[in-house]
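Participant: Sending over a structure as structure tokens; questions will come in a sec.
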Amino acid sequence: MSVFLSSEPASELWGKSALLSYSDQGITIHYKKEHRLGAIQRAGRKIESQGIYQLQLAGDGWDLEANWHFWLGYRHPKTHQTSKITWSKLSKNDKQELQHRLSIIDWSRDIINQPAEDQSPMQLAERSAELLAAQSSHIHYQFIAGEALKDKNYMGLYTVGRGSVRPPVLLELDYNPTQDSNAPILACLVGKGITFDSGGYSLKPSSFMESMRADMGGAALVTGALALAMARGLKQRVKLYLCCADNLVSGDAFKLGDIIRYRNNVTVEIDNTDAEGRLVLADGLLCADKDNAKYIIDCATLTGAAKVAVGNDYQSLLSFDDKFANQLLHCADSEHEAFWQLPLAEFHRGQFPSSFADIANSGLPNTAGASTAAAFLSYFVKNYKKNWLHIDCSATFRKSATALWATGATGVGVRSLANLLMQLK
């Protein structure tokens, strides 16, 4: 089946402002110029839902972004492996970029969609390392797992993950194309990799727990972003830390009232075992801080509050450094991805007091959940007011389909972060 593009309206036969029309030649997507890419993505979603699985993108207008946005809408977790699309003719560079997106961003979507039973913390870490090692030979990595985390004083990750028979894992990966072991580290990326989040003893209701296969979306985002930047020719040194664990209920699971002492001597009282993402990220941020990286970026499906604020339509961005935040927002605009900056101020750092430790792991009632979560993380970044970004991944996964997206992972944010890594100096 051939699919064409047209900026002309469809015949009234197909209804007022029809998106699609049909003829002996195939399907035509009708779009208004100011909404072109959105219309193409909606058309892809609609065509897949009609059970049309063999397509050729034909005629004029199919540039790189048109091809890609059609795929964003068309791709479905159940049918994408058997669907066959013949892409339009593109320049050599655009064809290469499309192939990079199809392999790397689709990897991120696939790994987020994996059932938790098929993806342990170690499997997530291994698959992430394999993706990055496939992009370059200038990769070195190690896994620190189980009791070794306790031995090395990675107590946040160890504490959260000890309740599962599948041990928690820290992936430390160094991409160093300079081949100089003393080369400065441009950026450290830190990702939350909770492969299933029951909420622990602060147990989630089923309606909130059913999508917790996707609670490792931050790890998938930073891994995909680094891989895409490498594929685009990243020449500077970047390190990656993935904090991978299950958050389950057992006789070994951590409990409310427990206190964690981190390597920087900050103590944290557990007020809510379902606020576990910030506990594992703290270890990764301390590693990044020790590396003296110029920039630190962490990504996590951290709070429901971020989704309340922006829905699934934007990735939420929080930072004390507006200049750095604006740099990411510009990169997102150029990559046609949606980010929105939420407030983060000094007073947020005082909104999770504890009577028994320096801070608690959840905020006071009636405070801004996404902002207090980001403020919590700031306790593990020495120079938190400069060159640090926190992304609360509210657009990573959709529990139900929309006119633009199938149910499941979206891959939104991979392109923007890859672009940012290419821009940093």
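Chain labels A, B, ... are given in the sequence in which chains occur in the structure tokens; within each chain residues are numbered consecutively from 1, and ligands are likewise numbered from 1 in the order shown.
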Produce a table with one row for each residue of range 327-399 of chain A that has an atom at most 7 Å from any atom of range 297-318 of chain A, each row naming the nearest atom pair and its distance in Å at one decimal; use only C-alpha atoms; arrange rows by chain and rising residue number; format as a Markdown table.

Facilitator:
| residue | atom | partner | partner_atom | distance |
| --- | --- | --- | --- | --- |
| A:Ala338 | CA | A:Tyr314 | CA | 4.9 |
| A:Phe339 | CA | A:Gln315 | CA | 4.6 |
| A:Trp340 | CA | A:Ser316 | CA | 5.2 |
| A:Gln341 | CA | A:Leu317 | CA | 4.5 |
| A:Leu342 | CA | A:Leu318 | CA | 5.5 |
| A:Pro343 | CA | A:Leu318 | CA | 6.5 |
| A:Leu344 | CA | A:Leu318 | CA | 6.0 |
| A:Gly369 | CA | A:Ala305 | CA | 5.3 |
| A:Ala370 | CA | A:Ala306 | CA | 5.4 |
| A:Ala374 | CA | A:Leu318 | CA | 6.9 |
| A:Trp388 | CA | A:Ile297 | CA | 5.8 |
| A:Leu389 | CA | A:Ile297 | CA | 4.8 |
| A:His390 | CA | A:Asp298 | CA | 5.1 |
| A:Ile391 | CA | A:Leu317 | CA | 4.7 |
| A:Asp392 | CA | A:Ser316 | CA | 5.0 |
| A:Cys393 | CA | A:Thr301 | CA | 4.7 |
| A:Ser394 | CA | A:Gln315 | CA | 5.1 |
| A:Ala395 | CA | A:Asn312 | CA | 4.3 |
| A:Arg398 | CA | A:Asn312 | CA | 6.8 |

Participant: Among range 19-67 of chain A, which ones does DSSP place in strand (DSSP E), written as an MDAnalysis selection string?

Facilitator: chainID A and resid 20:23 26:30 54:57

Participant: With only C-alpha atoms as the basis for distance, which of A:Pro353, A:Gly277, A:Gly224, A:Gly408 is at the shortest distance from Gly156 in chain A?

Facilitator: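 Once distances to Gly156 in chain A are computed over only C-alpha atoms, the minimum belongs to A:Gly277.
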
Participant: Would you kindly return, as a VMD selection string, each protein, DNA or RNA residue with an atom no farther than 9 Å from any atom of range 202-215 of chain A, considering only C-alpha atoms and excluding same-chain residues fewer than 6 positions away?

Facilitator: chain A and resid 111 to 117 119 192 to 196 248 to 249 255 to 256 272 to 275 277 300 to 302 396 to 399 408 to 409

Participant: Given the selection you just returned, output its residues as a file containing N, CA, C and O atoms, formatted as a short mmCIF file (atom, residue, chain, number, x, y, z; two decimals), in the first residue's frame.

Facilitator:
data_model
loop_
_atom_site.label_atom_id
_atom_site.label_comp_id
_atom_site.auth_asym_id
_atom_site.auth_seq_id
_atom_site.Cartn_x
_atom_site.Cartn_y
_atom_site.Cartn_z
N ILE A 111 12.99 -1.86 25.33
CA ILE A 111 13.47 -2.30 26.64
C ILE A 111 12.56 -1.78 27.76
O ILE A 111 12.40 -2.43 28.78
N ILE A 112 11.93 -0.64 27.54
CA ILE A 112 10.95 -0.13 28.52
C ILE A 112 9.69 -0.99 28.50
O ILE A 112 9.08 -1.24 29.55
N ASN A 113 9.30 -1.47 27.32
CA ASN A 113 8.09 -2.28 27.20
C ASN A 113 8.27 -3.71 27.71
O ASN A 113 7.28 -4.44 27.85
N GLN A 114 9.51 -4.13 27.98
CA GLN A 114 9.75 -5.50 28.44
C GLN A 114 9.02 -5.79 29.74
O GLN A 114 9.07 -4.97 30.68
N PRO A 115 8.36 -6.95 29.87
CA PRO A 115 7.80 -7.32 31.17
C PRO A 115 8.90 -7.45 32.21
O PRO A 115 10.03 -7.85 31.90
N ALA A 116 8.59 -7.10 33.44
CA ALA A 116 9.60 -7.17 34.50
C ALA A 116 10.15 -8.58 34.66
O ALA A 116 11.33 -8.75 34.99
N GLU A 117 9.34 -9.59 34.42
CA GLU A 117 9.80 -10.97 34.55
C GLU A 117 10.94 -11.27 33.60
O GLU A 117 11.80 -12.12 33.88
N GLN A 119 13.21 -9.05 32.61
CA GLN A 119 14.28 -8.07 32.71
C GLN A 119 14.64 -7.81 34.17
O GLN A 119 13.99 -7.03 34.86
N LYS A 192 17.76 6.19 36.53
CA LYS A 192 17.01 5.32 37.44
C LYS A 192 16.58 4.07 36.68
O LYS A 192 15.86 4.16 35.68
N GLY A 193 16.98 2.91 37.19
CA GLY A 193 16.65 1.65 36.53
C GLY A 193 15.88 0.70 37.43
O GLY A 193 16.33 -0.43 37.68
N ILE A 194 14.75 1.13 37.96
CA ILE A 194 13.93 0.26 38.79
C ILE A 194 13.12 -0.66 37.87
O ILE A 194 12.17 -0.23 37.22
N THR A 195 13.52 -1.93 37.80
CA THR A 195 12.93 -2.85 36.83
C THR A 195 11.53 -3.29 37.21
O THR A 195 10.78 -3.77 36.36
N PHE A 196 11.17 -3.18 38.47
CA PHE A 196 9.76 -3.25 38.86
C PHE A 196 9.61 -2.56 40.20
O PHE A 196 10.41 -2.76 41.12
N LEU A 248 10.64 -4.40 45.95
CA LEU A 248 9.64 -5.40 46.27
C LEU A 248 9.43 -5.52 47.78
O LEU A 248 10.15 -4.92 48.57
N VAL A 249 8.45 -6.34 48.15
CA VAL A 249 8.13 -6.62 49.55
C VAL A 249 8.65 -8.01 49.90
O VAL A 249 8.37 -8.98 49.21
N LYS A 255 12.24 -0.77 55.30
CA LYS A 255 11.01 -0.46 56.00
C LYS A 255 10.92 1.03 56.33
O LYS A 255 11.95 1.72 56.36
N LEU A 256 9.72 1.49 56.60
CA LEU A 256 9.54 2.87 57.04
C LEU A 256 10.22 3.06 58.40
O LEU A 256 10.14 2.19 59.27
N ASN A 272 8.65 6.83 53.19
CA ASN A 272 7.80 6.24 52.16
C ASN A 272 8.68 5.33 51.30
O ASN A 272 9.57 5.82 50.59
N THR A 273 8.45 4.03 51.33
CA THR A 273 9.28 3.12 50.53
C THR A 273 8.96 3.21 49.04
O THR A 273 9.71 2.68 48.22
N ASP A 274 7.87 3.90 48.70
CA ASP A 274 7.56 4.11 47.29
C ASP A 274 8.28 5.32 46.72
O ASP A 274 8.19 5.60 45.53
N ALA A 275 9.01 6.04 47.55
CA ALA A 275 9.88 7.12 47.07
C ALA A 275 11.31 6.59 47.00
O ALA A 275 12.23 7.13 47.61
N GLY A 277 13.10 5.87 44.05
CA GLY A 277 13.94 6.26 42.93
C GLY A 277 15.01 7.25 43.33
O GLY A 277 16.18 7.14 42.92
N ALA A 300 14.86 10.14 35.41
CA ALA A 300 14.13 9.17 36.22
C ALA A 300 12.63 9.35 36.05
O ALA A 300 12.14 10.47 35.94
N THR A 301 11.92 8.23 36.03
CA THR A 301 10.47 8.26 36.18
C THR A 301 10.22 8.42 37.69
O THR A 301 9.91 7.45 38.38
N LEU A 302 10.36 9.64 38.17
CA LEU A 302 10.53 9.83 39.61
C LEU A 302 9.23 10.10 40.35
O LEU A 302 9.04 9.59 41.45
N THR A 396 7.61 9.32 29.18
CA THR A 396 8.32 8.12 28.75
C THR A 396 7.39 6.97 28.37
O THR A 396 7.69 6.20 27.46
N PHE A 397 6.26 6.86 29.04
CA PHE A 397 5.39 5.68 28.88
C PHE A 397 3.94 6.10 28.96
O PHE A 397 3.58 6.94 29.80
N ARG A 398 3.12 5.51 28.10
CA ARG A 398 1.68 5.79 28.10
C ARG A 398 0.90 4.51 28.41
O ARG A 398 1.10 3.49 27.75
N LYS A 399 0.03 4.60 29.40
CA LYS A 399 -0.75 3.43 29.80
C LYS A 399 -1.87 3.11 28.82
O LYS A 399 -2.39 1.99 28.83
N GLY A 408 2.31 2.27 25.56
CA GLY A 408 3.68 1.84 25.81
C GLY A 408 4.68 2.98 25.75
O GLY A 408 4.33 4.16 25.84
N ALA A 409 5.94 2.60 25.58
CA ALA A 409 7.05 3.56 25.62
C ALA A 409 7.06 4.44 24.37
O ALA A 409 6.68 4.00 23.28
#

Participant: Could you give me, as a ChimeraX atom specification, each residue of range 106-202 of chain A that DSSP assigns to helix (DSSP H, G or I) when run on this structure's backbone?

Facilitator: /A:106-113,116-118,121-133,147-151,155-161

Participant: Have a look at CA of Gln351 in chain A and CA of Asn264 in chain A and let me know their distance in Å, one decimal.

Facilitator: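 These two atoms are separated by 20.3 Å.
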
Participant: Between CA of Asp289 in chain A and CA of Leu240 in chain A, what is the spacing in Å?

Facilitator: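 Here the two named atoms are 12.2 Å from each other.
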
Participant: Please, which residues in range 312-337 of chain A fall within 7 Å of range 414-423 of chain A when counting only C-alpha atoms, and what is the closest atom pair and distance in Å to one decimal for each, ordered by chain then residue number, as a tab-separated table?

Facilitator:
residue	atom	partner	partner_atom	distance
A:Leu328	CA	A:Leu420	CA	6.0
A:Cys331	CA	A:Ser416	CA	5.4
A:Ala332	CA	A:Ser416	CA	4.6
A:Glu335	CA	A:Ser416	CA	6.0
A:Glu337	CA	A:Ser416	CA	6.9

Participant: Would you write out those residues with all heavy atoms, as a short mmCIF file (atom, residue, chain, number, x, y, z; two decimals), in the first residue's frame?

Facilitator:
data_model
loop_
_atom_site.label_atom_id
_atom_site.label_comp_id
_atom_site.auth_asym_id
_atom_site.auth_seq_id
_atom_site.Cartn_x
_atom_site.Cartn_y
_atom_site.Cartn_z
N LEU A 328 19.01 22.85 27.04
CA LEU A 328 18.28 21.62 26.73
C LEU A 328 16.96 21.93 26.04
O LEU A 328 16.57 21.24 25.08
CB LEU A 328 18.04 20.81 28.00
CG LEU A 328 17.17 19.55 27.82
CD1 LEU A 328 17.73 18.62 26.76
CD2 LEU A 328 16.98 18.82 29.14
N CYS A 331 17.58 22.50 22.46
CA CYS A 331 17.87 21.24 21.79
C CYS A 331 16.59 20.44 21.56
O CYS A 331 16.41 19.82 20.50
CB CYS A 331 18.84 20.41 22.63
SG CYS A 331 20.53 21.05 22.65
N ALA A 332 15.69 20.45 22.53
CA ALA A 332 14.42 19.73 22.39
C ALA A 332 13.59 20.32 21.26
O ALA A 332 12.99 19.59 20.46
CB ALA A 332 13.65 19.77 23.71
N GLU A 335 14.78 19.21 17.95
CA GLU A 335 14.54 17.78 17.71
C GLU A 335 13.05 17.43 17.70
O GLU A 335 12.69 16.26 17.64
CB GLU A 335 15.26 16.95 18.79
CG GLU A 335 16.77 17.07 18.79
CD GLU A 335 17.45 16.28 17.67
OE1 GLU A 335 16.75 15.51 16.97
OE2 GLU A 335 18.68 16.43 17.51
N GLU A 337 10.87 17.58 20.09
CA GLU A 337 10.44 16.87 21.29
C GLU A 337 10.00 17.88 22.34
O GLU A 337 10.47 19.01 22.36
CB GLU A 337 11.57 15.99 21.82
CG GLU A 337 11.90 14.83 20.89
CD GLU A 337 12.88 13.84 21.48
OE1 GLU A 337 13.81 14.27 22.20
OE2 GLU A 337 12.74 12.64 21.20
#

Participant: Pick the closest to Leu186 in chain A from A:His100, A:Ala245, A:Gly199, A:Asp174: which is it, counting only C-alpha atoms?

Facilitator: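 So, comparing all the options, the nearest one is A:Asp174.
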
Participant: Which value, in Å to one decimal, gives the distance between CA of Lys382 in chain A and CA of Ala227 in chain A?

Facilitator: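 Taking CA of Lys382 in chain A and CA of Ala227 in chain A, their separation equals 27.5 Å.
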
Participant: Which neighbours of Leu72 in chain A fall inside 10 Å, counting only C-alpha atoms, when residues of the same chain fewer than 4 positions from it are skipped, and could you give them as a list in words?

Facilitator: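 Everything that qualifies: Ile40, Gln41, Arg42, Gly44, Arg45, Ala66, Asn67, Trp68, His76, Leu102, Asp106, Leu404, Trp405, Ala406, Thr410, Gly411 and Val412 of chain A.
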
Participant: Residues near Leu149 in chain A, anyone? I mean within 10 Å using only C-alpha atoms, not counting same-chain ones fewer than 6 positions away, as JSON, numbers by chain.

Facilitator: {"A": [143, 155, 156, 157, 158, 159, 167, 168, 169, 170]}

Participant: Determine the nearest neighbour of Ser11 in chain A from the options A:Thr402, A:Thr28, A:Asn383, A:Ser120, counting only C-alpha atoms.

Facilitator: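 Selected residue with least distance to Ser11 in chain A: A:Thr28.
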
Participant: May I ask which of the residues A:Ala133, A:Tyr53, A:Ala375, A:Asp94 is the closest one to Gln81 in chain A, counting only C-alpha atoms?

Facilitator: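 Answer, going by the shortest atom-to-atom distance: A:Tyr53.
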
Participant: Return the single residue from A:Ala219, A:Ile270, A:Ser2, A:Asn366 that is closest to Ile85 in chain A, with distances computed using only C-alpha atoms.

Facilitator: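 So, comparing all the options, the nearest one is A:Ser2.
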
Participant: Check the smallest atom-to-atom distance from each of A:Leu5, A:Ala129, A:Leu55, A:Leu234 to Leu424 in chain A using only C-alpha atoms, then report the winner.

Facilitator: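 Using only C-alpha atoms, the shortest distance to Leu424 in chain A belongs to A:Leu234.
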
Participant: Got a sec: who's within 7 Å of Arg278 in chain A, counting only C-alpha atoms, leaving out chain neighbours fewer than 4 positions off, as a compact mmCIF listing (two decimals) with C-alpha atoms, in the first residue's frame?

Facilitator:
# COMPACT_ATOMS: atom_id res chain seq x y z
CA ALA A 282 21.63 9.50 45.10
CA ALA A 373 12.08 15.20 44.70
CA LEU A 377 18.65 14.93 44.82
